[in-house]
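K.L.:
If you scroll down you'll find the structure; I have some questions about it.
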Amino acid sequence: MEILDLHDRKILERLAVDARISLKQLAGHVGLSSPSTSERLRKLEERGVIERYGVELNPKLLGHAVQAIVRIRPLPGRSGLVGELLADIAQVGECDRVTGDDCFVARVFVTSIEQLDEVMQPVADHAETSTAIVKSQVVRRRAPPLS
């Protein structure tokens, strides 16, 4: 793995705050020319350091008043099926395969507790689930440390 230099780290730190920043502004923040900054961005993308650029949406303003963390333990032999079911549920915002007693941990965005029951029913037919309702998010998803 190649090491990131100070300029690469500055680029990544700034993009983590605002991925829509203009190339000219990014170059000024980093202290490089626009062509040099553009080339560094291209290399970071090619190396896979930058996988994608995105937007962060407010679930509540989109009508999803309830967020839940669902731990899922598939019944024997059903792990693959459960993974496919989770991938097909639009309300599953993210899902990780994990070690330990559970195989999956999913973040689910729904309009109500009743909808949570509805959307998770196909999974519940093939797995044990444990659900926690999110009261607030203490730490929002962020980039890993760059140092």
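Here's how to read the names in the structure tokens: chain A, B, ... by the order shown, residue numbers from 1 in each chain, ligand numbers from 1 in the order shown.
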Mind listing the strand (DSSP E or B) residues of chain A, per DSSP on the backbone, as a VMD selection string?
P.N.:
chain A and resid 66 to 74 92 to 97 104 to 110 127 to 133
K.L.:
Could you write out the selected residues, including C-alpha atoms, as a PDB file, in the first residue's frame?
P.N.:
```pdb
ATOM      1  CA  VAL A  66     -37.723   5.998  12.552  1.00  0.00           C
ATOM      2  CA  GLN A  67     -34.214   4.572  12.245  1.00  0.00           C
ATOM      3  CA  ALA A  68     -33.460   1.131  13.571  1.00  0.00           C
ATOM      4  CA  ILE A  69     -30.361  -0.992  13.978  1.00  0.00           C
ATOM      5  CA  VAL A  70     -31.280  -4.612  13.314  1.00  0.00           C
ATOM      6  CA  ARG A  71     -28.983  -7.483  14.254  1.00  0.00           C
ATOM      7  CA  ILE A  72     -29.729 -10.570  12.177  1.00  0.00           C
ATOM      8  CA  ARG A  73     -28.841 -14.195  12.870  1.00  0.00           C
ATOM      9  CA  PRO A  74     -29.910 -16.386   9.914  1.00  0.00           C
ATOM     10  CA  VAL A  92     -32.113  -0.925   4.432  1.00  0.00           C
ATOM     11  CA  GLY A  93     -29.710   2.012   4.189  1.00  0.00           C
ATOM     12  CA  GLU A  94     -26.617  -0.043   4.942  1.00  0.00           C
ATOM     13  CA  CYS A  95     -25.820  -3.543   6.076  1.00  0.00           C
ATOM     14  CA  ASP A  96     -22.604  -5.175   7.221  1.00  0.00           C
ATOM     15  CA  ARG A  97     -21.687  -8.856   7.483  1.00  0.00           C
ATOM     16  CA  PHE A 104     -25.555  -9.075   9.717  1.00  0.00           C
ATOM     17  CA  VAL A 105     -26.110  -5.631  11.211  1.00  0.00           C
ATOM     18  CA  ALA A 106     -28.426  -3.363   9.224  1.00  0.00           C
ATOM     19  CA  ARG A 107     -29.478   0.283   9.523  1.00  0.00           C
ATOM     20  CA  VAL A 108     -33.105   0.595   8.469  1.00  0.00           C
ATOM     21  CA  PHE A 109     -35.013   3.815   7.666  1.00  0.00           C
ATOM     22  CA  VAL A 110     -38.813   3.633   7.972  1.00  0.00           C
ATOM     23  CA  ALA A 127     -33.598 -15.442  10.709  1.00  0.00           C
ATOM     24  CA  GLU A 128     -33.721 -14.308  14.305  1.00  0.00           C
ATOM     25  CA  THR A 129     -33.614 -10.534  14.606  1.00  0.00           C
ATOM     26  CA  SER A 130     -32.911  -8.102  17.414  1.00  0.00           C
ATOM     27  CA  THR A 131     -33.936  -4.487  16.843  1.00  0.00           C
ATOM     28  CA  ALA A 132     -32.898  -1.268  18.538  1.00  0.00           C
ATOM     29  CA  ILE A 133     -34.553   2.045  17.687  1.00  0.00           C
TER      30      ILE A 133
END
```
K.L.:
Assign secondary structure with DSSP using the backbone only, and return the residues of region 17-111 of chain A in helix (DSSP H, G or I) as a PyMOL selection string.
P.N.:
chain A and resi 17+23-30+34-46+60-62+79-88
K.L.:
Export, as a CSV table (one decimal), in the first residue's frame, the selected residues with C-alpha atoms.
P.N.:
```
chain,number,residue,atom,x,y,z
A,17,VAL,CA,-15.9,17.9,4.7
A,23,LEU,CA,-11.1,22.2,-8.0
A,24,LYS,CA,-9.8,25.7,-7.8
A,25,GLN,CA,-10.9,26.0,-4.1
A,26,LEU,CA,-9.5,22.6,-3.3
A,27,ALA,CA,-6.1,23.5,-4.9
A,28,GLY,CA,-6.0,26.7,-2.9
A,29,HIS,CA,-6.7,24.9,0.3
A,30,VAL,CA,-4.0,22.3,-0.4
A,34,SER,CA,-5.3,23.2,-10.1
A,35,PRO,CA,-3.6,20.8,-12.6
A,36,SER,CA,-1.4,19.3,-9.9
A,37,THR,CA,-4.4,18.9,-7.6
A,38,SER,CA,-6.4,17.4,-10.5
A,39,GLU,CA,-3.7,14.8,-11.2
A,40,ARG,CA,-3.5,13.9,-7.5
A,41,LEU,CA,-7.3,13.4,-7.4
A,42,ARG,CA,-7.1,11.2,-10.5
A,43,LYS,CA,-4.3,9.0,-8.9
A,44,LEU,CA,-6.3,8.7,-5.6
A,45,GLU,CA,-9.3,7.6,-7.6
A,46,GLU,CA,-7.3,5.1,-9.7
A,60,LYS,CA,-36.5,12.7,8.7
A,61,LEU,CA,-37.0,15.4,6.1
A,62,LEU,CA,-37.7,12.6,3.6
A,79,SER,CA,-27.2,-16.9,5.3
A,80,GLY,CA,-27.0,-16.3,1.6
A,81,LEU,CA,-30.8,-16.0,1.2
A,82,VAL,CA,-30.9,-13.5,4.1
A,83,GLY,CA,-28.2,-11.4,2.5
A,84,GLU,CA,-30.1,-11.3,-0.7
A,85,LEU,CA,-33.3,-10.4,1.0
A,86,LEU,CA,-31.6,-7.5,2.9
A,87,ALA,CA,-30.1,-6.2,-0.3
A,88,ASP,CA,-33.6,-6.1,-1.9
```
K.L.:
Restricting the calculation to only C-alpha atoms, which member of A:Val98, A:Ala65, A:Val139, A:Val123 is positioned closest to Arg78 (chain A)?
P.N.:
A:Val123
K.L.:
Ranking A:Val119, A:Ala124, A:Ile89, A:Leu146 by minimum distance to Ile11 (chain A) and counting only C-alpha atoms, which one comes first?
P.N.:
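Closest candidate: A:Leu146.
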K.L.:
Pick the closest to Pro76 (chain A) from A:Ile21, A:Ala143, A:Cys103, A:Val49: which is it, counting only C-alpha atoms?
P.N.:
A:Cys103
K.L.:
How many Å separate CA of His7 (chain A) from CA of Leu57 (chain A)?
P.N.:
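CA of Leu57 (chain A) lies 29.1 Å from CA of His7 (chain A).
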K.L.:
Name the closest residue to Arg141 (chain A) among the candidates A:Asp5, A:Lys10, A:Thr111, A:Glu56; distances are taken between atoms, counting only C-alpha atoms.
P.N.:
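Among A:Asp5, A:Lys10, A:Thr111, A:Glu56, it is A:Glu56 that comes nearest to Arg141 (chain A).
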K.L.:
Please report the interatomic distance between CA of Glu51 (chain A) and CA of Gly100 (chain A) in Å with one decimal.
P.N.:
27.9 Å
K.L.:
Just to confirm, what's the straight-line distance from CA of Ile50 (chain A) to CA of Leu15 (chain A) in Å (one decimal)?
P.N.:
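Between CA of Ile50 (chain A) and CA of Leu15 (chain A) the gap works out to 9.7 Å.
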